[in-house]
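Colleague: This one is coords-v2.csv, CSV, C-alpha atoms.
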```csv
chain,number,residue,atom,x,y,z
A,1113,MET,CA,-1.4,-23.1,23.0
A,1114,THR,CA,-2.6,-20.5,25.4
A,1115,GLU,CA,-2.9,-16.8,24.4
A,1116,THR,CA,0.3,-16.1,26.3
A,1117,THR,CA,2.3,-19.0,24.8
A,1118,ARG,CA,4.2,-18.2,21.6
A,1119,PRO,CA,4.1,-21.0,19.1
A,1120,THR,CA,7.4,-22.6,18.1
A,1121,PRO,CA,8.4,-22.6,14.4
A,1122,ALA,CA,7.4,-26.3,14.3
A,1123,GLU,CA,4.0,-25.5,15.8
A,1124,ILE,CA,3.6,-22.7,13.3
A,1125,ARG,CA,4.3,-25.1,10.4
A,1126,ALA,CA,1.9,-27.7,11.9
A,1127,PHE,CA,-0.9,-25.3,12.1
A,1128,ARG,CA,-0.3,-24.1,8.6
A,1129,ALA,CA,-0.3,-27.7,7.3
A,1130,GLU,CA,-3.6,-28.3,9.1
A,1131,ASN,CA,-5.1,-25.2,7.5
A,1132,PRO,CA,-3.8,-25.2,3.9
A,1133,LYS,CA,-6.5,-22.9,2.5
A,1134,MET,CA,-6.3,-20.2,5.2
A,1135,ARG,CA,-4.7,-17.0,4.1
A,1136,GLU,CA,-1.2,-16.3,5.5
A,1137,ARG,CA,-2.3,-13.1,7.3
A,1138,ASP,CA,-5.2,-14.9,8.8
A,1139,ILE,CA,-2.9,-17.7,10.1
A,1140,ALA,CA,-0.6,-15.1,11.6
A,1141,ALA,CA,-3.6,-13.4,13.3
A,1142,GLN,CA,-4.9,-16.7,14.6
A,1143,LEU,CA,-1.6,-17.6,16.1
A,1144,ASN,CA,-1.0,-14.0,17.4
A,1145,ILE,CA,2.3,-13.7,15.5
A,1146,SER,CA,3.5,-11.4,12.8
A,1147,GLU,CA,3.5,-12.4,9.1
A,1148,ALA,CA,7.3,-12.3,9.1
A,1149,ALA,CA,7.3,-14.9,12.0
A,1150,LEU,CA,5.1,-17.1,9.8
A,1151,VAL,CA,7.6,-16.9,6.9
A,1152,ALA,CA,10.6,-17.3,9.2
A,1153,ALA,CA,9.3,-20.6,10.5
A,1154,GLU,CA,9.9,-21.9,6.9
A,1155,VAL,CA,13.6,-20.9,6.8
A,1156,GLY,CA,15.7,-23.8,5.6
A,1157,LEU,CA,12.6,-25.3,4.0
A,1158,THR,CA,10.8,-22.9,1.6
A,1159,ALA,CA,12.4,-19.6,2.8
A,1160,ILE,CA,15.9,-18.0,2.9
A,1161,ARG,CA,16.7,-15.0,5.0
A,1162,ILE,CA,18.2,-12.2,2.8
A,1163,ASP,CA,19.4,-8.7,3.3
A,1164,ALA,CA,16.5,-6.2,3.5
A,1165,ASP,CA,18.5,-3.2,2.4
A,1166,ALA,CA,15.9,-1.5,0.2
A,1167,ASN,CA,18.3,0.5,-1.9
A,1168,ARG,CA,20.6,-2.5,-2.5
A,1169,PHE,CA,17.6,-4.4,-3.8
A,1170,LEU,CA,16.5,-1.5,-6.0
A,1171,GLU,CA,19.9,-1.3,-7.6
A,1172,ARG,CA,19.4,-5.0,-8.7
A,1173,SER,CA,15.7,-5.0,-9.3
A,1174,GLU,CA,15.5,-4.0,-13.0
A,1175,ALA,CA,17.4,-7.2,-14.0
A,1176,LEU,CA,14.4,-9.2,-12.7
A,1177,GLY,CA,12.4,-8.1,-15.8
A,1178,GLU,CA,8.6,-8.4,-15.6
A,1179,ILE,CA,7.4,-9.1,-12.0
A,1180,MET,CA,4.3,-8.4,-9.9
A,1181,ALA,CA,4.9,-5.8,-7.2
A,1182,LEU,CA,2.6,-6.0,-4.2
A,1183,THR,CA,2.1,-3.4,-1.5
A,1184,ARG,CA,-0.7,-3.6,1.1
A,1185,ASN,CA,-2.0,-2.4,4.4
A,1186,GLU,CA,-4.6,-4.0,6.7
A,1187,SER,CA,-7.5,-3.1,4.3
A,1188,VAL,CA,-6.3,-3.2,0.7
A,1189,VAL,CA,-3.9,-5.1,-1.5
A,1190,HIS,CA,-2.4,-3.3,-4.5
A,1191,GLU,CA,-0.7,-5.4,-7.2
A,1192,LYS,CA,1.1,-4.1,-10.3
A,1193,ILE,CA,2.6,-6.1,-13.1
A,1194,GLY,CA,5.6,-4.5,-14.8
A,1195,VAL,CA,9.3,-3.7,-14.6
A,1196,PHE,CA,11.4,-1.8,-12.0
A,1197,GLU,CA,12.8,1.1,-14.0
A,1198,LYS,CA,13.7,4.8,-13.6
A,1199,ILE,CA,15.0,4.2,-10.1
A,1200,THR,CA,16.4,6.9,-7.8
A,1201,THR,CA,17.7,5.8,-4.4
A,1202,GLY,CA,18.0,8.0,-1.4
A,1203,LYS,CA,18.8,7.6,2.3
A,1204,HIS,CA,15.3,8.6,3.5
A,1205,ALA,CA,13.2,8.0,0.3
A,1206,SER,CA,13.7,6.2,-2.9
A,1207,ILE,CA,11.6,6.4,-6.1
A,1208,VAL,CA,10.6,4.0,-8.9
A,1209,LEU,CA,8.9,5.7,-11.8
A,1210,GLY,CA,8.4,2.9,-14.3
A,1211,GLU,CA,5.5,2.8,-16.8
A,1212,ASN,CA,3.7,0.3,-14.5
A,1213,ILE,CA,5.8,0.0,-11.3
A,1214,ASP,CA,5.5,3.4,-9.5
A,1215,LEU,CA,6.7,3.3,-5.9
A,1216,ARG,CA,7.8,5.6,-3.1
A,1217,ILE,CA,10.0,3.6,-0.7
A,1218,PHE,CA,11.2,4.6,2.7
A,1219,PRO,CA,14.3,2.5,3.2
A,1220,GLY,CA,14.6,3.0,7.0
A,1221,THR,CA,11.6,0.9,7.6
A,1222,TRP,CA,12.7,-2.2,5.6
A,1223,ALA,CA,14.2,-4.5,8.3
A,1224,HIS,CA,13.8,-8.2,7.3
A,1225,GLY,CA,13.9,-10.0,4.0
A,1226,PHE,CA,13.1,-13.5,2.7
A,1227,ALA,CA,13.3,-15.3,-0.6
A,1228,VAL,CA,10.3,-17.6,-0.6
A,1229,THR,CA,9.8,-20.6,-2.9
A,1230,LYS,CA,6.4,-22.4,-2.9
A,1231,THR,CA,5.5,-25.5,-5.0
A,1232,ASP,CA,2.0,-26.3,-5.9
A,1233,GLY,CA,1.8,-29.4,-8.1
A,1234,ASP,CA,4.0,-28.5,-11.2
A,1235,GLN,CA,3.9,-24.8,-10.4
A,1236,VAL,CA,6.8,-23.1,-8.6
A,1237,ARG,CA,6.1,-19.7,-7.2
A,1238,ARG,CA,9.1,-17.5,-6.2
A,1239,SER,CA,9.0,-14.2,-4.3
A,1240,LEU,CA,11.1,-11.7,-2.4
A,1241,GLN,CA,9.3,-10.5,0.7
A,1242,PHE,CA,10.3,-7.5,2.9
A,1243,PHE,CA,9.1,-6.7,6.4
A,1244,ASP,CA,9.6,-4.0,9.1
A,1245,LYS,CA,10.9,-4.6,12.6
A,1246,ALA,CA,7.4,-5.5,13.8
A,1247,GLY,CA,7.1,-8.2,11.2
A,1248,MET,CA,4.6,-6.3,9.0
A,1249,ALA,CA,5.0,-6.7,5.3
A,1250,VAL,CA,6.2,-3.5,3.6
A,1251,HIS,CA,6.6,-4.9,0.0
A,1252,LYS,CA,6.7,-8.1,-1.9
A,1253,VAL,CA,8.0,-8.9,-5.4
A,1254,HIS,CA,6.5,-12.0,-7.1
A,1255,LEU,CA,8.1,-13.6,-10.1
A,1256,ARG,CA,6.1,-14.3,-13.3
A,1257,PRO,CA,6.7,-16.6,-16.2
A,1258,ALA,CA,8.5,-13.8,-18.1
A,1259,SER,CA,10.8,-12.9,-15.1
A,1260,ASN,CA,14.6,-13.4,-15.3
A,1261,LEU,CA,15.1,-16.5,-13.0
A,1262,GLU,CA,18.9,-16.2,-13.2
A,1263,ALA,CA,18.8,-12.6,-11.9
A,1264,TYR,CA,16.5,-13.7,-9.1
A,1265,GLU,CA,18.8,-16.6,-8.1
A,1266,ALA,CA,21.8,-14.2,-8.2
A,1267,ILE,CA,20.1,-11.7,-5.9
A,1268,VAL,CA,19.2,-14.5,-3.5
A,1269,ALA,CA,22.8,-15.9,-3.5
A,1270,ASP,CA,24.3,-12.4,-3.0
A,1271,PHE,CA,21.8,-11.2,-0.4
A,1272,ARG,CA,21.7,-14.5,1.6
A,1273,LEU,CA,22.5,-13.8,5.3
A,1274,GLU,CA,24.6,-16.0,7.7
A,1275,ASP,CA,21.7,-15.9,10.1
A,1276,GLN,CA,19.2,-18.5,8.8
A,1277,SER,CA,17.3,-19.1,12.1
A,1278,GLN,CA,13.6,-19.9,12.1
A,1279,ASP,CA,12.8,-17.8,15.1
A,1280,PHE,CA,11.5,-14.2,14.7
A,1281,THR,CA,11.2,-11.6,17.4
A,1282,GLU,CA,9.0,-8.6,16.7
A,1283,VAL,CA,10.2,-5.2,17.8
A,1284,VAL,CA,7.1,-3.0,18.1
A,1285,SER,CA,7.6,0.8,18.0
A,1286,THR,CA,6.1,2.7,21.0
A,1287,LYS,CA,6.6,6.0,19.3
A,1288,VAL,CA,3.4,8.0,19.1
A,1289,GLU,CA,3.0,11.1,17.0
A,1290,GLU,CA,2.1,14.1,19.0
A,1291,THR,CA,-1.2,15.7,18.0
A,1292,GLY,CA,-3.2,18.3,19.8
A,1293,PRO,CA,-6.4,20.3,19.4
A,1294,VAL,CA,-6.9,21.8,16.0
A,1295,ASP,CA,-6.3,25.5,15.6
A,1296,VAL,CA,-8.8,25.9,12.7
A,1297,ALA,CA,-7.7,29.4,11.8
A,1298,ALA,CA,-4.1,28.4,11.6
A,1299,LEU,CA,-5.0,25.3,9.6
A,1300,ARG,CA,-7.1,27.2,7.1
A,1301,GLU,CA,-4.4,29.8,6.7
A,1302,SER,CA,-1.7,27.3,6.1
A,1303,TRP,CA,-3.9,25.2,3.8
A,1304,ALA,CA,-4.9,28.2,1.7
A,1305,ALA,CA,-1.2,29.1,1.3
A,1306,MET,CA,-0.2,25.7,-0.3
A,1307,THR,CA,1.2,25.8,-3.8
A,1308,ASP,CA,2.0,22.1,-4.1
A,1309,THR,CA,0.1,19.1,-2.7
A,1310,HIS,CA,3.4,17.7,-1.2
A,1311,GLN,CA,3.4,20.7,1.2
A,1312,PHE,CA,0.5,19.1,3.0
A,1313,PHE,CA,2.8,16.7,5.0
A,1314,GLY,CA,4.9,19.7,6.3
A,1315,LEU,CA,1.6,21.5,7.2
A,1316,LEU,CA,0.5,18.5,9.4
A,1317,ARG,CA,3.9,18.3,11.1
A,1318,LYS,CA,4.1,22.0,11.7
A,1319,LEU,CA,0.6,22.2,13.3
A,1320,LYS,CA,0.9,18.8,15.0
A,1321,ILE,CA,-2.4,17.6,13.5
A,1322,ALA,CA,-3.4,14.1,12.5
A,1323,ARG,CA,-4.3,13.9,8.8
A,1324,GLN,CA,-8.0,12.9,9.4
A,1325,ASP,CA,-8.4,15.7,12.1
A,1326,ALA,CA,-7.1,18.2,9.5
A,1327,VAL,CA,-9.6,17.0,6.8
A,1328,ARG,CA,-12.5,17.0,9.3
A,1329,SER,CA,-11.7,20.5,10.6
A,1330,VAL,CA,-10.6,22.6,7.6
A,1331,GLY,CA,-14.1,23.4,6.3
A,1332,GLU,CA,-16.4,22.6,3.4
A,1333,ASP,CA,-14.5,24.7,0.9
A,1334,PHE,CA,-11.5,22.5,1.3
A,1335,ALA,CA,-12.9,19.1,2.3
A,1336,HIS,CA,-16.3,17.5,2.5
A,1337,GLU,CA,-17.4,14.0,3.6
A,1338,VAL,CA,-19.0,11.6,1.2
A,1339,ARG,CA,-20.6,8.2,1.9
A,1340,ALA,CA,-18.2,5.4,3.2
A,1341,ASP,CA,-19.0,3.4,0.1
A,1342,ALA,CA,-18.1,6.2,-2.3
A,1343,VAL,CA,-14.9,4.4,-3.4
A,1344,GLY,CA,-17.1,1.9,-5.4
A,1345,ASP,CA,-19.0,4.8,-7.0
A,1346,LEU,CA,-15.8,6.5,-7.9
A,1347,MET,CA,-14.3,3.3,-9.5
A,1348,ARG,CA,-17.4,2.6,-11.5
A,1349,GLY,CA,-17.7,6.2,-12.6
A,1350,ALA,CA,-14.0,6.2,-13.8
A,1351,ALA,CA,-14.6,2.9,-15.6
A,1352,GLU,CA,-17.7,4.3,-17.4
A,1353,ARG,CA,-16.0,7.5,-18.4
A,1354,ASP,CA,-12.7,5.7,-19.4
A,1355,ALA,CA,-11.0,8.2,-17.1
A,1356,ASP,CA,-7.4,8.0,-16.1
A,1357,ILE,CA,-7.0,8.0,-12.3
A,1358,MET,CA,-4.2,7.6,-9.8
A,1359,CYS,CA,-4.7,5.0,-7.0
A,1360,PHE,CA,-2.3,5.2,-4.0
A,1361,VAL,CA,-2.0,2.4,-1.5
A,1362,GLY,CA,0.7,2.3,1.1
A,1363,ASN,CA,2.1,1.4,4.5
A,1364,HIS,CA,4.9,3.2,6.4
A,1365,GLY,CA,7.5,1.5,4.2
A,1366,THR,CA,6.2,1.7,0.7
A,1367,ILE,CA,3.5,3.6,-1.3
A,1368,GLN,CA,2.5,2.0,-4.6
A,1369,ILE,CA,0.6,3.9,-7.3
A,1370,HIS,CA,-1.5,2.8,-10.3
A,1371,THR,CA,-2.0,5.4,-13.0
A,1372,GLY,CA,-4.4,4.8,-15.8
A,1373,THR,CA,-7.9,3.4,-16.3
A,1374,VAL,CA,-9.8,0.8,-14.4
A,1375,LYS,CA,-12.1,-1.6,-16.2
A,1376,ASN,CA,-12.9,-4.9,-14.6
A,1377,ILE,CA,-14.4,-4.1,-11.3
A,1378,GLN,CA,-15.8,-7.1,-9.3
A,1379,PRO,CA,-17.4,-6.9,-5.9
A,1380,MET,CA,-17.3,-10.1,-3.9
A,1381,GLY,CA,-18.7,-10.1,-0.4
A,1382,PRO,CA,-16.9,-7.3,1.6
A,1383,TRP,CA,-14.2,-7.0,-1.1
A,1384,LEU,CA,-14.1,-4.6,-4.1
A,1385,ASN,CA,-11.8,-6.1,-6.6
A,1386,VAL,CA,-10.1,-4.7,-9.8
A,1387,MET,CA,-8.9,-7.4,-12.1
A,1388,ASP,CA,-7.3,-5.6,-15.0
A,1389,PRO,CA,-4.3,-6.9,-17.1
A,1390,THR,CA,-1.5,-5.1,-15.2
A,1391,PHE,CA,-3.4,-3.9,-12.1
A,1392,HIS,CA,-5.2,-5.9,-9.4
A,1393,MET,CA,-6.7,-4.4,-6.3
A,1394,HIS,CA,-8.5,-6.0,-3.4
A,1395,LEU,CA,-10.2,-3.6,-1.0
A,1396,ARG,CA,-12.1,-4.4,2.1
A,1397,MET,CA,-15.1,-2.0,1.8
A,1398,ASP,CA,-16.3,-2.8,5.3
A,1399,HIS,CA,-13.1,-1.4,6.7
A,1400,ILE,CA,-13.9,2.1,5.4
A,1401,ALA,CA,-15.3,4.3,8.2
A,1402,GLU,CA,-15.1,7.7,6.5
A,1403,CYS,CA,-14.5,9.0,2.9
A,1404,TRP,CA,-13.6,12.6,2.2
A,1405,VAL,CA,-13.2,14.7,-1.0
A,1406,VAL,CA,-10.2,16.9,-0.3
A,1407,ARG,CA,-9.2,20.0,-2.3
A,1408,LYS,CA,-5.7,21.4,-2.1
A,1409,PRO,CA,-4.5,24.6,-3.8
A,1410,THR,CA,-1.5,24.4,-6.1
A,1411,VAL,CA,0.1,26.8,-8.7
A,1412,ASP,CA,-2.0,25.0,-11.3
A,1413,GLY,CA,-5.3,25.5,-9.4
A,1414,PHE,CA,-7.1,23.1,-7.0
A,1415,VAL,CA,-6.1,19.4,-7.0
A,1416,THR,CA,-8.8,17.1,-5.6
A,1417,SER,CA,-8.5,13.7,-4.1
A,1418,LEU,CA,-10.8,11.1,-2.5
A,1419,GLU,CA,-9.4,9.7,0.8
A,1420,ALA,CA,-10.8,6.7,2.7
A,1421,TYR,CA,-10.1,6.2,6.4
A,1422,ASP,CA,-10.5,3.2,8.7
A,1423,ALA,CA,-12.1,3.4,12.2
A,1424,SER,CA,-8.7,4.2,13.8
A,1425,GLY,CA,-8.1,7.2,11.5
A,1426,GLU,CA,-5.5,5.5,9.3
A,1427,MET,CA,-5.8,6.3,5.5
A,1428,ILE,CA,-6.6,3.1,3.6
A,1429,ILE,CA,-6.5,4.4,0.0
A,1430,GLN,CA,-6.3,7.6,-1.9
A,1431,PHE,CA,-7.3,8.6,-5.4
A,1432,PHE,CA,-6.4,11.5,-7.7
A,1433,GLY,CA,-7.2,12.2,-11.4
A,1434,LYS,CA,-4.2,11.7,-13.6
A,1435,ARG,CA,-2.6,15.1,-14.2
A,1436,LYS,CA,0.7,16.4,-15.5
A,1437,GLU,CA,2.6,19.3,-13.7
A,1438,GLY,CA,1.6,22.6,-15.2
A,1439,MET,CA,-1.9,21.5,-16.2
A,1440,THR,CA,-5.2,22.1,-14.5
A,1441,GLU,CA,-7.2,19.2,-13.1
A,1442,ARG,CA,-9.3,17.4,-15.6
A,1443,ALA,CA,-13.1,18.2,-15.8
A,1444,ASP,CA,-14.1,14.5,-16.0
A,1445,TRP,CA,-12.3,13.8,-12.6
A,1446,ARG,CA,-14.0,16.7,-10.9
A,1447,GLU,CA,-17.4,15.6,-12.3
A,1448,ILE,CA,-16.9,12.1,-10.9
A,1449,LEU,CA,-16.1,13.5,-7.4
A,1450,ALA,CA,-19.0,16.0,-7.6
A,1451,SER,CA,-21.4,13.1,-8.2
A,1452,LEU,CA,-20.4,11.2,-5.1
A,1453,PRO,CA,-23.2,10.9,-2.5
A,1454,ARG,CA,-23.0,12.7,0.8
A,1455,PRO,CA,-23.4,10.7,4.0
A,1456,ASP,CA,-27.0,11.9,4.6
A,1457,SER,CA,-28.2,11.1,1.1
A,1458,VAL,CA,-30.5,8.1,0.6
A,1459,ALA,CA,-29.1,5.1,-1.3
A,1460,ALA,CA,-30.9,4.4,-4.5
```
Would you mind writing the structure in this file as structure tokens?
Modeller:
Amino acid sequence: MTETTRPTPAEIRAFRAENPKMRERDIAAQLNISEAALVAAEVGLTAIRIDADANRFLERSEALGEIMALTRNESVVHEKIGVFEKITTGKHASIVLGENIDLRIFPGTWAHGFAVTKTDGDQVRRSLQFFDKAGMAVHKVHLRPASNLEAYEAIVADFRLEDQSQDFTEVVSTKVEETGPVDVAALRESWAAMTDTHQFFGLLRKLKIARQDAVRSVGEDFAHEVRADAVGDLMRGAAERDADIMCFVGNHGTIQIHTGTVKNIQPMGPWLNVMDPTFHMHLRMDHIAECWVVRKPTVDGFVTSLEAYDASGEMIIQFFGKRKEGMTERADWREILASLPRPDSVAA
């Protein structure tokens, strides 16, 4: 195949069979196709096309019982084991506020769905996988031994589409967010006037500023840079102090949140892994170009986060200290952030 020739579904399956140990996203990258095209090539074999209506799925999701919810972007995989519960659906945004499964979902981006069954020896792995129009994964739900198989099979049967083709055509958005030069005075004025962290998104839209540009420009009293490897220091510091944190990972279709402690932190090559009982995370540390400690004013005082960005300015991952509305930020969280090394500091 040349670079300009798109592989057929049969060629995709053949390449996959020849490279059984290669990760799916790596196969898709090697073939210059989307991950959804890779899954679609298996329709009629190991995959079934299903309705990707996010809210329709959420209304049925609690019946699945215990599952593993997976949300990722190019640099980090975030996995939580639990139950879909406390669900509120909306046209533009839906929320899952379960004890372990905590999601913010943007239904307009969910465009394609597949039910996938894989057999490995005696083990059968089942999942529901959702993608955007460009074929990028926005969310996946993997069944576990305790899952309700009947509920899963009922969802697949009810959501099954007439179109069961193996072909997949990506629709890539050409929309570009307008951003301009930063008016630092206006930025600082608007930033200082915030009373809730959620007002930050409106601030960026109003001033037409990219998030990273705002963080870089607002000034040391509101944001300061730390070393690119500071995420590892933060995770280890939180583990040592038994501190409850909030870890946000998302793409433009889903944001997934872990709230609680982190314990079993395992670096492996470029990856920083968390392997706790109900929370797994796999972060490519070499993708982090910048890390910032960011302070936003609220009615309860400053709320501080750590934000990691890749080389293109996209936020990879974000951390907060666990906090309830009406309470000030915890001292142990602020101490962890205060201990993070600045970029010009010498590594020990």
Colleague: Give me, as a tab-separated table, each residue of region 1127-1200 of chain A that comes within 8 Å of region 1242-1261 of chain A, together with its shortest interatomic pair and the distance in Å at one decimal, counting only C-alpha atoms, with rows ordered by chain and rising residue number.
Modeller:
```
residue	atom	partner	partner_atom	distance
A:Ser1146	CA	A:Gly1247	CA	5.1
A:Glu1147	CA	A:Gly1247	CA	5.9
A:Ala1148	CA	A:Gly1247	CA	4.6
A:Ala1149	CA	A:Gly1247	CA	6.8
A:Ala1164	CA	A:Phe1242	CA	6.4
A:Ala1175	CA	A:Asn1260	CA	6.9
A:Leu1176	CA	A:Asn1260	CA	4.9
A:Gly1177	CA	A:Ser1259	CA	5.1
A:Glu1178	CA	A:Ser1259	CA	5.0
A:Ile1179	CA	A:Leu1255	CA	4.9
A:Met1180	CA	A:His1254	CA	5.1
A:Ala1181	CA	A:Val1253	CA	4.7
A:Leu1182	CA	A:Lys1252	CA	5.1
A:Thr1183	CA	A:His1251	CA	5.0
A:Arg1184	CA	A:Val1250	CA	7.3
```
Colleague: Dump C-alpha atoms for the selected residues as a PDB file, in the frame of the given file?
Modeller:
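Written output follows (out13.pdb):
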```
ATOM      1  CA  SER A1146       3.500 -11.400  12.800  1.00  0.00           C
ATOM      2  CA  GLU A1147       3.500 -12.400   9.100  1.00  0.00           C
ATOM      3  CA  ALA A1148       7.300 -12.300   9.100  1.00  0.00           C
ATOM      4  CA  ALA A1149       7.300 -14.900  12.000  1.00  0.00           C
ATOM      5  CA  ALA A1164      16.500  -6.200   3.500  1.00  0.00           C
ATOM      6  CA  ALA A1175      17.400  -7.200 -14.000  1.00  0.00           C
ATOM      7  CA  LEU A1176      14.400  -9.200 -12.700  1.00  0.00           C
ATOM      8  CA  GLY A1177      12.400  -8.100 -15.800  1.00  0.00           C
ATOM      9  CA  GLU A1178       8.600  -8.400 -15.600  1.00  0.00           C
ATOM     10  CA  ILE A1179       7.400  -9.100 -12.000  1.00  0.00           C
ATOM     11  CA  MET A1180       4.300  -8.400  -9.900  1.00  0.00           C
ATOM     12  CA  ALA A1181       4.900  -5.800  -7.200  1.00  0.00           C
ATOM     13  CA  LEU A1182       2.600  -6.000  -4.200  1.00  0.00           C
ATOM     14  CA  THR A1183       2.100  -3.400  -1.500  1.00  0.00           C
ATOM     15  CA  ARG A1184      -0.700  -3.600   1.100  1.00  0.00           C
TER      16      ARG A1184
END
```
Colleague: What's around Ser1329 (chain A) at 12 Å? Count all atoms listed in the file, leave out sequence neighbours fewer than 6 positions away in its own chain, and write the answer as a PyMOL selection string.
Modeller: chain A and resi 1293-1300+1303+1321-1323+1335-1337+1404+1406
Colleague: Go through A:Arg1396, A:Arg1137, A:Glu1186, A:Ala1342 one by one, measure the shortest atom-to-atom distance of each to Ser1424 (chain A) using only C-alpha atoms, and give the residue with the smallest value.
Modeller: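 Of A:Arg1396, A:Arg1137, A:Glu1186, A:Ala1342, the one nearest Ser1424 (chain A), counting only C-alpha atoms, is A:Glu1186.
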Colleague: Have a look at A:Leu1273, A:Ile1357, A:Asp1279, A:Ala1266 and name the one nearest to Arg1118 (chain A); count only C-alpha atoms.
Modeller: A:Asp1279
Colleague: Provide the CA of Gly1438 (chain A) to CA of Phe1312 (chain A) distance in Å, to one decimal place.
Modeller: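 Interatomic distance, CA of Gly1438 (chain A) to CA of Phe1312 (chain A): 18.6 Å.
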Colleague: Compare A:Thr1410, A:Ser1173, A:Thr1440, A:Thr1158 by their minimum atom-to-atom distance to Arg1238 (chain A), counting all atoms listed in the file, and give me the closest one.
Modeller: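 Ranking A:Thr1410, A:Ser1173, A:Thr1440, A:Thr1158 by distance to Arg1238 (chain A), first place goes to A:Thr1158.
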Colleague: I'd like the contact shell of Arg1454 (chain A) - 12 Å cut-off, only C-alpha atoms, skipping same-chain residues fewer than 3 positions apart - returned as a count of residues only.
Modeller: 18
Colleague: Each residue of region 1338-1373 of chain A lying at most 9 Å from region 1217-1232 of chain A should get a row with its shortest atom-to-atom pair and the distance in Å to one decimal, counting all atoms listed in the file; could you produce that, ordered by chain and increasing number, as a Markdown table?
Modeller:
```
| residue | atom | partner | partner_atom | distance |
| --- | --- | --- | --- | --- |
| A:His1364 | CA | A:Thr1221 | CA | 7.2 |
| A:Gly1365 | CA | A:Phe1218 | CA | 5.1 |
| A:Thr1366 | CA | A:Ile1217 | CA | 4.5 |
| A:Ile1367 | CA | A:Ile1217 | CA | 6.5 |
| A:Gln1368 | CA | A:Ile1217 | CA | 8.6 |
```
Colleague: To one decimal in Å, tell me the separation between CA of Gln1276 (chain A) and CA of Gly1156 (chain A).
Modeller: 7.1 Å
Colleague: Would you mind listing what lies within 10 Å of Pro1389 (chain A) as a list in words, with all atoms listed in the file counted and same-chain residues fewer than 5 positions away left out?
Modeller: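 Contacts, in chain order: Lys1192, Ile1193, Val1374, Lys1375 and Asn1376 of chain A.
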Colleague: Of the candidates A:Thr1117, A:Pro1382, A:Leu1150, A:Glu1332, which shows the shortest atom-to-atom distance to Asp1138 (chain A), using only C-alpha atoms?
Modeller: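 For Asp1138 (chain A), the nearest of the candidates is A:Leu1150.
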Colleague: Separation of CA of Gln1324 (chain A) and CA of Ile1377 (chain A), in Å?
Modeller: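 These two atoms are separated by 27.5 Å.
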Colleague: Do you know which residues are at most 7 Å from Gly1210 (chain A) counting all atoms listed in the file, after dropping those on the same chain fewer than 6 positions away, and could you put them as a PyMOL selection string?
Modeller: chain A and resi 1195-1198
Colleague: Using all atoms listed in the file, which of the listed residues (A:Ala1305, A:Ala1122, A:Leu1315, A:Val1361) sits closest to Pro1409 (chain A)?
Modeller: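 Of A:Ala1305, A:Ala1122, A:Leu1315, A:Val1361, the one nearest Pro1409 (chain A), counting all atoms listed in the file, is A:Ala1305.
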Colleague: Given the point (-8.1, 21.2, -9.5) in the file's coordinates, find the residues that have an atom at most 7 Å from it, counting all atoms listed in the file, and give them as a list in words.
Modeller: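 Taken together, the residues in range are Gly1413, Phe1414, Val1415, Thr1416, Thr1440 and Glu1441 of chain A.
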Colleague: Can you give me N, CA, C and O atoms for region 1404-1411 of chain A, written as a tab-separated table (two decimals), in the coordinates of the input?
Modeller:
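Just written: rebuild27.tsv:
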```
chain	number	residue	atom	x	y	z
A	1404	TRP	N	-13.56	11.18	2.32
A	1404	TRP	CA	-13.60	12.60	2.20
A	1404	TRP	C	-13.06	13.04	0.79
A	1404	TRP	O	-12.09	12.48	0.28
A	1405	VAL	N	-13.73	14.02	0.20
A	1405	VAL	CA	-13.20	14.70	-1.00
A	1405	VAL	C	-12.43	15.89	-0.51
A	1405	VAL	O	-12.95	16.74	0.22
A	1406	VAL	N	-11.16	15.93	-0.89
A	1406	VAL	CA	-10.20	16.90	-0.30
A	1406	VAL	C	-9.66	17.77	-1.46
A	1406	VAL	O	-9.17	17.25	-2.47
A	1407	ARG	N	-9.70	19.09	-1.28
A	1407	ARG	CA	-9.20	20.00	-2.30
A	1407	ARG	C	-8.00	20.79	-1.74
A	1407	ARG	O	-8.07	21.42	-0.70
A	1408	LYS	N	-6.88	20.70	-2.48
A	1408	LYS	CA	-5.70	21.40	-2.10
A	1408	LYS	C	-5.25	22.38	-3.16
A	1408	LYS	O	-5.21	22.03	-4.34
A	1409	PRO	N	-4.93	23.62	-2.77
A	1409	PRO	CA	-4.50	24.60	-3.80
A	1409	PRO	C	-3.07	24.34	-4.25
A	1409	PRO	O	-2.22	23.91	-3.47
A	1410	THR	N	-2.85	24.53	-5.56
A	1410	THR	CA	-1.50	24.40	-6.10
A	1410	THR	C	-1.35	25.61	-7.11
A	1410	THR	O	-2.30	26.35	-7.38
A	1411	VAL	N	-0.15	25.74	-7.66
A	1411	VAL	CA	0.10	26.80	-8.70
A	1411	VAL	C	-0.75	26.58	-9.91
A	1411	VAL	O	-0.96	27.51	-10.70
```
